[in-house]
Amino acid sequence: MVFEKDLNLDATELRLGLPASSKESLRISNKRALPDMNDDSGVAAAKKCDQETAPPTKAQVVGWPPIRSYRKNSLQTKKTEAETSGMYVKVSMDGAPYLRKIDLKVYKGYPELFKALEDMFKFKVGKYSEREGYNGSEFVPTYEDKDGDWMLAGDVPWEMFINACKRLRIVRGSEARGLGCVV
Amino acid sequence: MNYFPDEVVEHVFDFITSHKDRNSVSLVCKSWYKIERYSRQRVFIGNCYSITPQRLIARFPGLKSLTLKGKPHFADFNLVPHDWGGFVDPWIKALAKSRIGLEELRLKRMVVSDDSLELLSKSFPNFKSLVLVSCEGFTTDGVAAIAANCRFLRELDLQENEVEDHRGHWLSCFPESCTSLVSLNFACLKGEINLASLERLVARSPNLKSLRLNRMVPLDTLQKLLMRAPQLVDLGIGSYVDDPSSEVFSKLKTVIQLCNSIRSLSGFLEVAPCCMSAIYPICENLTFLNLSYAPGLQGNDLTKLVQHCRKLQRLWILDCIGDKGLGVVASTCKELQELRVFPSDPFDAGNAAVTEEGLVLISSGCPKLNSLLYFCHQMTNAALITVAKNCTNFIRFRLCILDPVKADPVTNQPLDEGFGAIVRSNKSLKRLSLSGLLTDQVFLYIGMYAKKLEMLSIAFAGDSNKGMLYVLNGCKKLRKLEIRDCPFGDVALLEDMGKYETMRSLWMSSCEVTLGACKILAKKMPSLNLEIINESEQLEFSLDDRLLVDKMYLYRTLVGHRKDKPEYVLLL
């Protein structure tokens, strides 16, 4: 999206207008639009041309900042790829008649994920501690990892979790007590 | 030297390897010119339009290695329209027709077609090395031709090219008999490759020293490749994502410890930060670390990693390392010579990742620093003056403040004094890029002090023609000058027209140069090509001399106007 703005050929077309007065104002409006609007010396000129033409926003200055297109595209692709690809996993809850699916990439961490699960299945996760897992709750979030083992959700760092998690299962607290015990 | 037979002189010339020196040697006398040209094997051509392939071939029949550069530097930033030029095809065709035994071809910013690559691969039986940097116009089919036909290929190095990926099996095109690979870099290719073919290729390449993978190569393949090639000196990791508790990951940890020749590490195009600890054992010996394409690593991950890299000489990193992180670099990497800090989010001024503070820390901690590329959100004169006191060895100093006309935020002054201090104390400076709010004063300083300056990049700076004149008059060694959006016009352009014959090229865009002045310059100096690049339709019916020229590219040449110019280029 940003690049379409970058290739804003309108900015260059203006430049090749007739000489004399119109050229002057076109010239100024393209340059002076850039200085910091708080800069005293530039304020008067900037105000003047604000009225004449809409100054391009900083993101629209062609070829600035001077980064190779390859590099710019590559960072941009990573962003959009991260946005579009999605990491959908099935979520089941003991006693619920059907499963749901959620996109793990949407969440930035465990708190957000658990809030979403709580909303979806109408339960409360409870307080997490490393020693005892989720204490004081009826339901406990667990997941199946790449090795096929059922793990308590929340022990490992988030990045590791989303890469390892194949599906989620919200287990009744009474069954899950065994999982919570470390010793 | 006239008393020595030619063979002796030639033997002496064998020890003279730098292009500049060999060029000088050839100018001494006719006899030396002749000996030099027959013995010359490596030629560097900085502007492909300065000479024709036919003349090159005629002068250097023994040519083995050719380096060519095409588009002007600002093409990197989308300032040069598509199809402007820089085609390698006529060069390869001419070389193929001749008797030249080409072994190495290095291209930068050129347009390369699949047909050219195929012709190249079939025309030179001893072809060994292809290096393409920032090129475009080819697909993986062309790469496949190189793989398939160059029987003694040692080096295939693709850096930052725009390659259309046909997801073909280019990698599988390396024949089983190909065992000569020393360097393979395909990090810029976007498509999948045949992993099994890659493993087999690496297994049968005992001389492989440099391997840079693309993001389609997963961690478990990496582990297998390193098992086969523990002798690697340069490694570029593709995808580095796994569960640290997995078996594959522990195998990787083990095998990495065997790779104690690795001195250069790059890539991490996809990365899970929790896996980085496996890399720490090889960090101790690293001299080059490039994490500029690894946005998956946050500031703390970068800092933790850098703490292990005591021998680092070159570091390329993203600005999310932050000023604090740069402080860690400064206290750890005492051998650092080159630092490049790239913006992780070029258009978001929100997270001020690095500022003048980081640069000051680096300058005080790294006494050997001689090359800098630094993208930041702000800079102060005081900081630059401190940097100039701490570092007097700069050869390259490129500062890019993301807001192009930003003043010193503390004093609200332009950055003239800061840059002035830099040029005054760094007498060996060859390359300089300016940014921030700048007046004519900075150019006065540059003209006065930057006596060894060869390349200068200017944007949104200066007040009048005087600025450009200070530079043209003062910088005797200037070879490349590129200017955009500055108030420099006809007076500056025309004052010393002979100067441009001593330079490779001049680029001026969005300045105040008129068509009339360009015509005068072009008429007076037939040894220069003056191109006016105009994408608007208006040029057709408005050839008024008072018209401001949008983009002008001026370069010296021995062969007059080029025949392959597109319609929107006007050659005067």
# chains A, B, ... in the order shown; residues from 1 in each chain; ligands from 1

call {"tool": "select_by_dssp", "arguments": {"residues": "stretch 44-121 of chain B", "states": "helix (DSSP H, G or I)", "output": "PyMOL selection string"}}
result
chain B and resi 53-59+73-77+89-97+114-121

call {"tool": "select_by_dssp", "arguments": {"residues": "stretch 91-135 of chain B", "states": "strand (DSSP E or B)", "output": "ChimeraX atom specification"}}
result
/B:104-108,111,129-133

call {"tool": "residues_around", "arguments": {"residues": "A:Asn135", "least_positions_apart": "4", "cutoff": "7 Å", "atoms": "only C-alpha atoms", "output": "list of chain:residue names"}}
result
A:Gly126, A:Lys127, A:Tyr128

call {"tool": "residues_around", "arguments": {"residues": "B:Asn426", "least_positions_apart": "4", "cutoff": "10 Å", "atoms": "only C-alpha atoms", "output": "list in words"}}
result
Asn370, Ala388, Lys389, Cys391, Thr392, Asn393, Phe394, Ile395, Arg396, Phe397, Ala421, Ile422, Lys430, Tyr449, Ala450, Lys451 and Lys452 of chain B

call {"tool": "write_last_selection", "arguments": {"atoms": "N, CA and C atoms", "output": "PDB file, in the first residue's frame"}}
result
ATOM      1  N   ASN B 370      35.642   2.316  10.848  1.00  0.00           N
ATOM      2  CA  ASN B 370      35.994   3.094   9.666  1.00  0.00           C
ATOM      3  C   ASN B 370      34.875   3.174   8.630  1.00  0.00           C
ATOM      4  N   ALA B 388      33.275  12.696  15.911  1.00  0.00           N
ATOM      5  CA  ALA B 388      34.448  13.132  15.140  1.00  0.00           C
ATOM      6  C   ALA B 388      35.694  13.144  16.007  1.00  0.00           C
ATOM      7  N   LYS B 389      35.535  13.434  17.302  1.00  0.00           N
ATOM      8  CA  LYS B 389      36.694  13.416  18.213  1.00  0.00           C
ATOM      9  C   LYS B 389      37.146  11.983  18.441  1.00  0.00           C
ATOM     10  N   CYS B 391      36.493   9.217  16.535  1.00  0.00           N
ATOM     11  CA  CYS B 391      36.819   8.404  15.356  1.00  0.00           C
ATOM     12  C   CYS B 391      37.416   9.260  14.265  1.00  0.00           C
ATOM     13  N   THR B 392      38.659   8.945  13.910  1.00  0.00           N
ATOM     14  CA  THR B 392      39.301   9.732  12.861  1.00  0.00           C
ATOM     15  C   THR B 392      39.690   8.868  11.675  1.00  0.00           C
ATOM     16  N   ASN B 393      39.153   7.654  11.660  1.00  0.00           N
ATOM     17  CA  ASN B 393      39.549   6.741  10.584  1.00  0.00           C
ATOM     18  C   ASN B 393      38.468   6.460   9.566  1.00  0.00           C
ATOM     19  N   PHE B 394      37.421   7.243   9.580  1.00  0.00           N
ATOM     20  CA  PHE B 394      36.310   6.917   8.685  1.00  0.00           C
ATOM     21  C   PHE B 394      36.714   6.971   7.221  1.00  0.00           C
ATOM     22  N   ILE B 395      36.338   5.900   6.502  1.00  0.00           N
ATOM     23  CA  ILE B 395      36.471   5.896   5.050  1.00  0.00           C
ATOM     24  C   ILE B 395      35.085   6.128   4.459  1.00  0.00           C
ATOM     25  N   ARG B 396      34.074   5.513   5.100  1.00  0.00           N
ATOM     26  CA  ARG B 396      32.689   5.679   4.639  1.00  0.00           C
ATOM     27  C   ARG B 396      31.845   6.168   5.804  1.00  0.00           C
ATOM     28  N   PHE B 397      31.102   7.268   5.590  1.00  0.00           N
ATOM     29  CA  PHE B 397      30.247   7.778   6.643  1.00  0.00           C
ATOM     30  C   PHE B 397      28.914   8.143   6.020  1.00  0.00           C
ATOM     31  N   ALA B 421      32.532  18.812  11.461  1.00  0.00           N
ATOM     32  CA  ALA B 421      33.512  18.189  12.349  1.00  0.00           C
ATOM     33  C   ALA B 421      33.935  16.828  11.804  1.00  0.00           C
ATOM     34  N   ILE B 422      32.988  16.101  11.284  1.00  0.00           N
ATOM     35  CA  ILE B 422      33.294  14.765  10.742  1.00  0.00           C
ATOM     36  C   ILE B 422      34.312  14.864   9.604  1.00  0.00           C
ATOM     37  N   LYS B 430      36.243   8.734   2.070  1.00  0.00           N
ATOM     38  CA  LYS B 430      36.049   8.580   0.634  1.00  0.00           C
ATOM     39  C   LYS B 430      34.584   8.667   0.242  1.00  0.00           C
ATOM     40  N   TYR B 449      37.588  20.500   3.534  1.00  0.00           N
ATOM     41  CA  TYR B 449      38.284  19.442   4.271  1.00  0.00           C
ATOM     42  C   TYR B 449      38.242  18.057   3.635  1.00  0.00           C
ATOM     43  N   ALA B 450      37.225  17.784   2.844  1.00  0.00           N
ATOM     44  CA  ALA B 450      37.083  16.409   2.361  1.00  0.00           C
ATOM     45  C   ALA B 450      37.888  16.191   1.096  1.00  0.00           C
ATOM     46  N   LYS B 451      39.199  16.245   1.259  1.00  0.00           N
ATOM     47  CA  LYS B 451      40.070  16.238   0.084  1.00  0.00           C
ATOM     48  C   LYS B 451      40.183  14.881  -0.591  1.00  0.00           C
ATOM     49  N   LYS B 452      39.832  13.830   0.138  1.00  0.00           N
ATOM     50  CA  LYS B 452      39.947  12.508  -0.487  1.00  0.00           C
ATOM     51  C   LYS B 452      38.584  11.974  -0.902  1.00  0.00           C
TER      52      LYS B 452
END

call {"tool": "residues_around", "arguments": {"residues": "stretch 550-555 of chain B", "least_positions_apart": "3", "cutoff": "9 Å", "atoms": "only C-alpha atoms", "output": "VMD selection string"}}
result
(chain A and resid 12 to 13 15 to 16) or (chain B and resid 47 49 to 50 72 79 to 80 484 500 to 501 503 to 514 518 527 to 535)
